[in-house]
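Student: Starting off with a structure, shown below.
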Amino acid sequence: MRRRFTGLPLARLVTYLHPVPQQSSDEKFMRAALVEAEKGLGTTSPNPAVGALLVWRDRIIARGHHRRAGGDHAEIDCLRKLPDPIPAEAVLYVTLEPCSTRGRTAPCANYIIQRGVRRVVIGTVDPNPKHRGRAIGLLRAAGLDVSAGVLEDECAGLNEAFNKWIVTGEPFVIAKCGMSLDGYLTRPPGETRWLTSESSRSHAHQLRALVDAIIVGAETIRRDNPRLTVRKGPRRTQPWRVILTKSGGLPRKAKVFRDSRRERTLVYRSQSLRAILRDLGRREITSVLIEGGGDILSQVLDQRLIDKVQIYIAPIFTGGGVLAFGGNGIALTQRSLRLDLPRYQRIGPDICITGYPKEATDFSGQ
């Protein structure tokens, strides 16, 4: 199951002569439900972002999405906007299988049945092994017509962090950095620390609004004294700021210890990265953004802990300085990591590369 579609390269596009299949009615409305789901990105953790629509006679008559953990789920938000009775021909579209057990809220599957919905179209099933497919069974047992797997990849990809955390208990790890063409993170001493353009930095900053925690090493705190805050975007709360240190010698006057969000700063001393990630997962932190420095980035690469990268490359050569991904390296090219579903985007003078690192053996023939 993978998460993103990058479109056809131009060379393939001009030779693509077969007609493109028209999307079905279910796909059309599921895409609209995905638009609703995206409204919850950055605000629902540790819950997934979910969207729902009620469609009657080929027209959307109600919309809903999950806004925050503990609040109405998307199906409830959608159906409560309509009084009884719900039209018999109405179809409920939901991007994720409805919940079937009581958690922070009552089970959505029961409410769907109570409201008299006759047909439900589901994007992807619940990834939680304890609940996977259970609601589908409950709905069908109650006589509802249920279809599942409509735009499954897109619906699953929307919640890639939740999907990993709910199965493994560990957060989804995104490694982000800005580097020179020759792979360095820093300029010569005495110069401004920025390598990438202001446009790239603004673009990268938006990612903070979508994660639960930001991880940096102690040297980044000492050298740059960053705030590690979200200054725009959908988040209502500040992501946790996580600092990794061996010596514990951190400057007491660092901004992360003195500002109004200081209670959301965690310090881990001399612990393994795996142990730290497991502890963060127990705190219901579903996603982390590793922003540096080079030592931390190298460690997560060597230990194969990265789920996704977002790298900004500036069109300059610097030489020297701190390598973005140094570490131990590999003994054989066959054991290297390569990007699955790479995406390349030009932002000002820079190039942003995103993708999912996988073992080279997964790329046979390349």
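Lettering and numbering for the structure tokens are positional, with chains as A, B, ... in the shown order, residues counted from 1 in each chain, and ligands counted from 1 in the shown order.
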When you look at Cys177 (chain A) with a cut-off of 7 Å (counting only C-alpha atoms), what residues show up, excluding the ones that are within fewer than 3 positions of it in the same chain? I need them as a list in words.
Tutor: Glu291, Gln310, Ile311 and Tyr312 of chain A
Student: Env of Ala62 (chain A): 6 Å cut, atoms = only C-alpha atoms, seq-sep filter 2 positions within chain, self excluded. Answer as a ChimeraX atom specification.
Tutor: /A:53-54,60,78
Student: Do you know which residues are at most 8 Å from region 262-266 of chain A counting only C-alpha atoms, after dropping those on the same chain fewer than 5 positions away, and could you put them as a list in words?
Tutor: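 Non-adjacent residues within range: Gln238, Pro239, Trp240, Arg241, Val242, Ile243, Val256 and Phe257 of chain A.
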Student: For region 133-148 of chain A, list every protein, DNA or RNA residue within 8 Å, evaluated using only C-alpha atoms, and leave out those in the same chain fewer than 2 positions away; present the list as a list of chain:residue names.
Tutor: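 Here the qualifying residues turn out to be A:Glu97, A:Pro98, A:Cys99, A:Ser100, A:Ala109, A:Ile113, A:Val117, A:Arg118, A:Arg119, A:Val120, A:Val121, A:Ile122, A:Gly123, A:Thr124, A:Val125, A:Asp126, A:His131, A:Val150.
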Student: Output all heavy atoms of each residue in that selection to a file, as a tab-separated table (two decimals), in the first residue's frame.
Tutor:
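Generated file (selection-v4.tsv):
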```tsv
chain	number	residue	atom	x	y	z
A	97	GLU	N	-13.10	3.06	7.00
A	97	GLU	CA	-14.11	2.20	7.63
A	97	GLU	C	-14.58	2.80	8.96
A	97	GLU	O	-13.76	3.18	9.81
A	97	GLU	CB	-13.51	0.81	7.89
A	97	GLU	CG	-14.47	-0.15	8.56
A	97	GLU	CD	-13.82	-1.50	8.86
A	97	GLU	OE1	-12.60	-1.64	8.63
A	97	GLU	OE2	-14.52	-2.40	9.34
A	98	PRO	N	-15.87	2.91	9.18
A	98	PRO	CA	-16.39	3.48	10.43
A	98	PRO	C	-15.89	2.70	11.65
A	98	PRO	O	-15.61	1.50	11.58
A	98	PRO	CB	-17.90	3.36	10.28
A	98	PRO	CG	-18.13	3.30	8.81
A	98	PRO	CD	-16.95	2.56	8.24
A	99	CYS	N	-15.78	3.39	12.77
A	99	CYS	CA	-15.35	2.71	14.00
A	99	CYS	C	-16.48	1.80	14.48
A	99	CYS	O	-17.66	2.05	14.25
A	99	CYS	CB	-14.97	3.72	15.07
A	99	CYS	SG	-16.30	4.79	15.64
A	100	SER	N	-16.08	0.72	15.16
A	100	SER	CA	-17.05	-0.28	15.58
A	100	SER	C	-17.04	-0.53	17.08
A	100	SER	O	-17.79	-1.36	17.58
A	100	SER	CB	-16.78	-1.60	14.85
A	100	SER	OG	-15.44	-2.03	15.08
A	109	ALA	N	-20.57	2.83	13.48
A	109	ALA	CA	-21.32	1.82	12.76
A	109	ALA	C	-22.74	1.71	13.31
A	109	ALA	O	-23.71	1.60	12.55
A	109	ALA	CB	-20.61	0.47	12.84
A	113	ILE	N	-26.42	2.56	11.31
A	113	ILE	CA	-27.55	1.63	11.26
A	113	ILE	C	-28.81	2.27	11.83
A	113	ILE	O	-29.90	2.19	11.25
A	113	ILE	CB	-27.19	0.34	12.03
A	113	ILE	CG1	-26.05	-0.40	11.33
A	113	ILE	CG2	-28.43	-0.57	12.17
A	113	ILE	CD1	-25.44	-1.52	12.16
A	117	VAL	N	-29.47	4.36	7.13
A	117	VAL	CA	-28.71	4.38	5.87
A	117	VAL	C	-28.76	2.98	5.26
A	117	VAL	O	-28.60	1.97	5.95
A	117	VAL	CB	-27.25	4.81	6.12
A	117	VAL	CG1	-26.45	4.73	4.84
A	117	VAL	CG2	-27.22	6.22	6.69
A	118	ARG	N	-29.00	2.91	3.94
A	118	ARG	CA	-29.12	1.61	3.27
A	118	ARG	C	-27.85	1.17	2.55
A	118	ARG	O	-27.61	-0.02	2.41
A	118	ARG	CB	-30.27	1.68	2.24
A	118	ARG	CG	-31.60	2.10	2.82
A	118	ARG	CD	-32.26	0.97	3.58
A	118	ARG	NE	-33.58	1.34	4.04
A	118	ARG	CZ	-34.70	1.21	3.32
A	118	ARG	NH1	-34.63	0.73	2.07
A	118	ARG	NH2	-35.86	1.55	3.82
A	119	ARG	N	-27.03	2.14	2.10
A	119	ARG	CA	-25.81	1.78	1.36
A	119	ARG	C	-24.65	2.64	1.84
A	119	ARG	O	-24.80	3.85	2.03
A	119	ARG	CB	-25.99	1.96	-0.15
A	119	ARG	CG	-24.74	1.55	-0.94
A	119	ARG	CD	-24.93	1.53	-2.45
A	119	ARG	NE	-23.70	1.03	-3.08
A	119	ARG	CZ	-22.95	1.75	-3.91
A	119	ARG	NH1	-23.32	2.96	-4.29
A	119	ARG	NH2	-21.85	1.24	-4.41
A	120	VAL	N	-23.50	1.98	2.04
A	120	VAL	CA	-22.29	2.66	2.49
A	120	VAL	C	-21.14	2.30	1.56
A	120	VAL	O	-20.94	1.12	1.24
A	120	VAL	CB	-21.92	2.28	3.94
A	120	VAL	CG1	-20.65	3.00	4.37
A	120	VAL	CG2	-23.06	2.58	4.89
A	121	VAL	N	-20.39	3.30	1.11
A	121	VAL	CA	-19.21	3.09	0.27
A	121	VAL	C	-17.99	3.55	1.08
A	121	VAL	O	-17.94	4.70	1.54
A	121	VAL	CB	-19.30	3.86	-1.06
A	121	VAL	CG1	-18.04	3.65	-1.88
A	121	VAL	CG2	-20.53	3.42	-1.83
A	122	ILE	N	-17.02	2.65	1.25
A	122	ILE	CA	-15.86	2.89	2.11
A	122	ILE	C	-14.60	2.95	1.26
A	122	ILE	O	-14.41	2.12	0.36
A	122	ILE	CB	-15.74	1.77	3.16
A	122	ILE	CG1	-16.96	1.79	4.10
A	122	ILE	CG2	-14.44	1.89	3.95
A	122	ILE	CD1	-17.07	0.57	4.99
A	123	GLY	N	-13.74	3.93	1.58
A	123	GLY	CA	-12.48	4.04	0.84
A	123	GLY	C	-11.50	2.95	1.22
A	123	GLY	O	-11.07	2.16	0.38
A	124	THR	N	-11.14	2.86	2.50
A	124	THR	CA	-10.18	1.86	2.95
A	124	THR	C	-10.61	1.32	4.30
A	124	THR	O	-11.27	2.03	5.08
A	124	THR	CB	-8.76	2.45	3.04
A	124	THR	OG1	-7.82	1.42	3.35
A	124	THR	CG2	-8.67	3.53	4.10
A	125	VAL	N	-10.27	0.08	4.59
A	125	VAL	CA	-10.66	-0.53	5.85
A	125	VAL	C	-9.77	-0.01	6.97
A	125	VAL	O	-8.68	0.52	6.74
A	125	VAL	CB	-10.59	-2.07	5.79
A	125	VAL	CG1	-11.56	-2.62	4.76
A	125	VAL	CG2	-9.17	-2.54	5.48
A	126	ASP	N	-10.23	-0.16	8.20
A	126	ASP	CA	-9.49	0.28	9.38
A	126	ASP	C	-8.19	-0.52	9.47
A	126	ASP	O	-8.22	-1.76	9.50
A	126	ASP	CB	-10.36	0.03	10.61
A	126	ASP	CG	-9.77	0.63	11.88
A	126	ASP	OD1	-8.56	0.91	11.92
A	126	ASP	OD2	-10.54	0.83	12.85
A	131	HIS	N	-9.64	-4.08	14.86
A	131	HIS	CA	-10.93	-3.63	14.34
A	131	HIS	C	-11.11	-3.86	12.85
A	131	HIS	O	-12.20	-3.66	12.32
A	131	HIS	CB	-11.10	-2.12	14.62
A	131	HIS	CG	-10.97	-1.75	16.05
A	131	HIS	ND1	-10.52	-0.51	16.47
A	131	HIS	CD2	-11.20	-2.46	17.19
A	131	HIS	CE1	-10.50	-0.47	17.79
A	131	HIS	NE2	-10.90	-1.64	18.25
A	150	VAL	N	-12.81	1.62	-2.54
A	150	VAL	CA	-12.95	2.64	-3.58
A	150	VAL	C	-11.88	3.72	-3.34
A	150	VAL	O	-11.85	4.34	-2.28
A	150	VAL	CB	-14.36	3.26	-3.58
A	150	VAL	CG1	-14.44	4.38	-4.61
A	150	VAL	CG2	-15.40	2.18	-3.86
```
Student: From a DSSP pass on the backbone, collect the residues of region 124-185 of chain A flagged as alpha helix (DSSP H) and hand them back as a list in words.
Tutor: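 Selection result, alpha helix (DSSP H) within region 124-185 of chain A: Arg134, Ala135, Ile136, Gly137, Leu138, Leu139, Arg140, Ala141, Glu152, Asp153, Glu154, Cys155, Ala156, Gly157, Glu160, Ala161, Phe162, Asn163, Lys164, Trp165, Ile166, Val167 and Thr168 of chain A.
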Student: Choose the residue, out of A:Ala314, A:Leu34, A:Leu332, A:Val288, that has the smallest atom-to-atom separation from Gly178 (chain A); count only C-alpha atoms.
Tutor: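 That would be A:Ala314, the residue with the smallest distance to Gly178 (chain A).
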Student: Please identify the strand (DSSP E) residues within region 189-238 of chain A (assignment by DSSP from backbone atoms) and present them as a ChimeraX atom specification.
Tutor: /A:213-217
Student: Restricting the output to all heavy atoms, write the selected residues as a PDB file, in the first residue's frame.
Tutor:
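result07.pdb was written with the following content:
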```pdb
ATOM      1  N   ALA A 213       5.415  15.862  16.439  1.00  0.00           N
ATOM      2  CA  ALA A 213       6.652  16.194  17.148  1.00  0.00           C
ATOM      3  C   ALA A 213       7.742  16.547  16.152  1.00  0.00           C
ATOM      4  O   ALA A 213       7.749  16.059  15.022  1.00  0.00           O
ATOM      5  CB  ALA A 213       7.108  15.032  18.031  1.00  0.00           C
ATOM      6  N   ILE A 214       8.670  17.396  16.621  1.00  0.00           N
ATOM      7  CA  ILE A 214       9.839  17.797  15.837  1.00  0.00           C
ATOM      8  C   ILE A 214      11.073  17.368  16.620  1.00  0.00           C
ATOM      9  O   ILE A 214      11.208  17.690  17.805  1.00  0.00           O
ATOM     10  CB  ILE A 214       9.861  19.320  15.614  1.00  0.00           C
ATOM     11  CG1 ILE A 214       8.576  19.787  14.914  1.00  0.00           C
ATOM     12  CG2 ILE A 214      11.089  19.731  14.808  1.00  0.00           C
ATOM     13  CD1 ILE A 214       8.368  21.287  14.970  1.00  0.00           C
ATOM     14  N   ILE A 215      11.978  16.636  15.968  1.00  0.00           N
ATOM     15  CA  ILE A 215      13.171  16.117  16.636  1.00  0.00           C
ATOM     16  C   ILE A 215      14.419  16.808  16.099  1.00  0.00           C
ATOM     17  O   ILE A 215      14.605  16.919  14.889  1.00  0.00           O
ATOM     18  CB  ILE A 215      13.305  14.593  16.430  1.00  0.00           C
ATOM     19  CG1 ILE A 215      12.119  13.866  17.067  1.00  0.00           C
ATOM     20  CG2 ILE A 215      14.620  14.080  17.013  1.00  0.00           C
ATOM     21  CD1 ILE A 215      12.181  12.351  16.897  1.00  0.00           C
ATOM     22  N   VAL A 216      15.269  17.253  17.020  1.00  0.00           N
ATOM     23  CA  VAL A 216      16.574  17.797  16.648  1.00  0.00           C
ATOM     24  C   VAL A 216      17.611  17.288  17.634  1.00  0.00           C
ATOM     25  O   VAL A 216      17.291  16.842  18.741  1.00  0.00           O
ATOM     26  CB  VAL A 216      16.598  19.346  16.636  1.00  0.00           C
ATOM     27  CG1 VAL A 216      15.639  19.905  15.610  1.00  0.00           C
ATOM     28  CG2 VAL A 216      16.306  19.904  18.024  1.00  0.00           C
ATOM     29  N   GLY A 217      18.877  17.391  17.235  1.00  0.00           N
ATOM     30  CA  GLY A 217      19.973  17.051  18.128  1.00  0.00           C
ATOM     31  C   GLY A 217      20.396  18.232  18.972  1.00  0.00           C
ATOM     32  O   GLY A 217      20.040  19.388  18.694  1.00  0.00           O
TER      33      GLY A 217
END
```
Student: Can you pull out every residue within 8 Å of Pro349 (chain A), counting only C-alpha atoms, but drop anything in the same chain fewer than 2 positions away, and send it as a list in words?
Tutor: Ser197, Ala314, Pro315, Arg346, Ile347 and Ile351 of chain A
Student: Go ahead and write the selection's residues with N, CA and C atoms as a compact mmCIF listing (two decimals), in the first residue's frame.
Tutor:
```txt
# COMPACT_ATOMS: atom_id res chain seq x y z
N SER A 197 16.30 28.68 -0.41
CA SER A 197 15.63 29.97 -0.57
C SER A 197 14.54 30.16 0.48
N ALA A 314 19.56 23.06 -2.76
CA ALA A 314 19.88 24.38 -3.31
C ALA A 314 20.90 24.22 -4.44
N PRO A 315 20.84 25.05 -5.49
CA PRO A 315 21.75 24.90 -6.64
C PRO A 315 23.12 25.52 -6.40
N ARG A 346 9.89 21.91 -8.17
CA ARG A 346 10.73 23.09 -8.15
C ARG A 346 10.08 24.16 -7.28
N ILE A 347 10.85 24.69 -6.32
CA ILE A 347 10.37 25.76 -5.44
C ILE A 347 11.40 26.88 -5.51
N ILE A 351 15.10 22.52 -5.58
CA ILE A 351 14.33 21.32 -5.91
C ILE A 351 13.96 20.62 -4.61
```
Student: Using only C-alpha atoms, pick whichever of A:Glu89, A:Asp84, A:Asp77, A:Glu170 has the shortest atom-to-atom distance to Leu277 (chain A).
Tutor: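 Once distances to Leu277 (chain A) are computed over only C-alpha atoms, the minimum belongs to A:Glu170.
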Student: One decimal, in Å: what's the spacing between CA of Trp194 (chain A) and CA of Gly321 (chain A)?
Tutor: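 Value for the CA of Trp194 (chain A)-CA of Gly321 (chain A) distance: 12.9 Å.
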Student: Could you tell me which of A:Ala106, A:Ile112, A:Ile313, A:Leu151 comes closest to Ser24 (chain A) if we count only C-alpha atoms?
Tutor: A:Leu151
Student: Identify which of the residues A:Lys81, A:Arg115, A:Arg338, A:Lys28 lies closest to Asp58 (chain A), counting only C-alpha atoms when measuring atom-to-atom distances.
Tutor: A:Lys28
Student: Check the smallest atom-to-atom distance from each of A:Arg261, A:Lys164, A:Arg57, A:Lys39 to Asp307 (chain A) using only C-alpha atoms, then report the winner.
Tutor: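 Smallest separation from Asp307 (chain A) among the options: A:Lys164.
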Student: From the list A:Ser260, A:Thr168, A:Val322, A:Lys176, which residue is nearest Glu219 (chain A) when using only C-alpha atoms?
Tutor: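 Of A:Ser260, A:Thr168, A:Val322, A:Lys176, the one nearest Glu219 (chain A) is A:Val322, counting only C-alpha atoms.
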Student: Please provide the set of residues having any atom within 7 Å of Ile285 (chain A), restricted to only C-alpha atoms, with same-chain residues fewer than 3 positions apart removed, written as a PDB file with N, CA, C and O atoms, in the first residue's frame.
Tutor:
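Written out: selection.pdb:
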```pdb
ATOM      1  N   PRO A  46      -4.450  11.821  17.990  1.00  0.00           N
ATOM      2  CA  PRO A  46      -3.958  10.591  17.362  1.00  0.00           C
ATOM      3  C   PRO A  46      -4.994   9.867  16.497  1.00  0.00           C
ATOM      4  O   PRO A  46      -4.762   8.715  16.121  1.00  0.00           O
ATOM      5  N   PRO A 171       5.846   6.064  15.903  1.00  0.00           N
ATOM      6  CA  PRO A 171       5.440   7.140  14.986  1.00  0.00           C
ATOM      7  C   PRO A 171       6.050   7.002  13.603  1.00  0.00           C
ATOM      8  O   PRO A 171       7.089   6.366  13.417  1.00  0.00           O
ATOM      9  N   ASP A 212       3.213  15.560  14.829  1.00  0.00           N
ATOM     10  CA  ASP A 212       2.986  15.640  16.270  1.00  0.00           C
ATOM     11  C   ASP A 212       4.236  16.048  17.043  1.00  0.00           C
ATOM     12  O   ASP A 212       4.131  16.483  18.188  1.00  0.00           O
ATOM     13  N   ALA A 213       5.415  15.862  16.439  1.00  0.00           N
ATOM     14  CA  ALA A 213       6.652  16.194  17.148  1.00  0.00           C
ATOM     15  C   ALA A 213       7.742  16.547  16.152  1.00  0.00           C
ATOM     16  O   ALA A 213       7.749  16.059  15.022  1.00  0.00           O
ATOM     17  N   LEU A 280       7.766   7.806  22.378  1.00  0.00           N
ATOM     18  CA  LEU A 280       6.915   8.809  21.750  1.00  0.00           C
ATOM     19  C   LEU A 280       5.604   8.178  21.286  1.00  0.00           C
ATOM     20  O   LEU A 280       4.527   8.781  21.409  1.00  0.00           O
ATOM     21  N   GLY A 281       5.667   6.965  20.760  1.00  0.00           N
ATOM     22  CA  GLY A 281       4.457   6.275  20.358  1.00  0.00           C
ATOM     23  C   GLY A 281       3.522   6.036  21.526  1.00  0.00           C
ATOM     24  O   GLY A 281       2.294   6.172  21.389  1.00  0.00           O
TER      25      GLY A 281
END
```
Student: CA of Arg227 (chain A) and CA of Lys255 (chain A) are how many Å apart?
Tutor: 5.7 Å
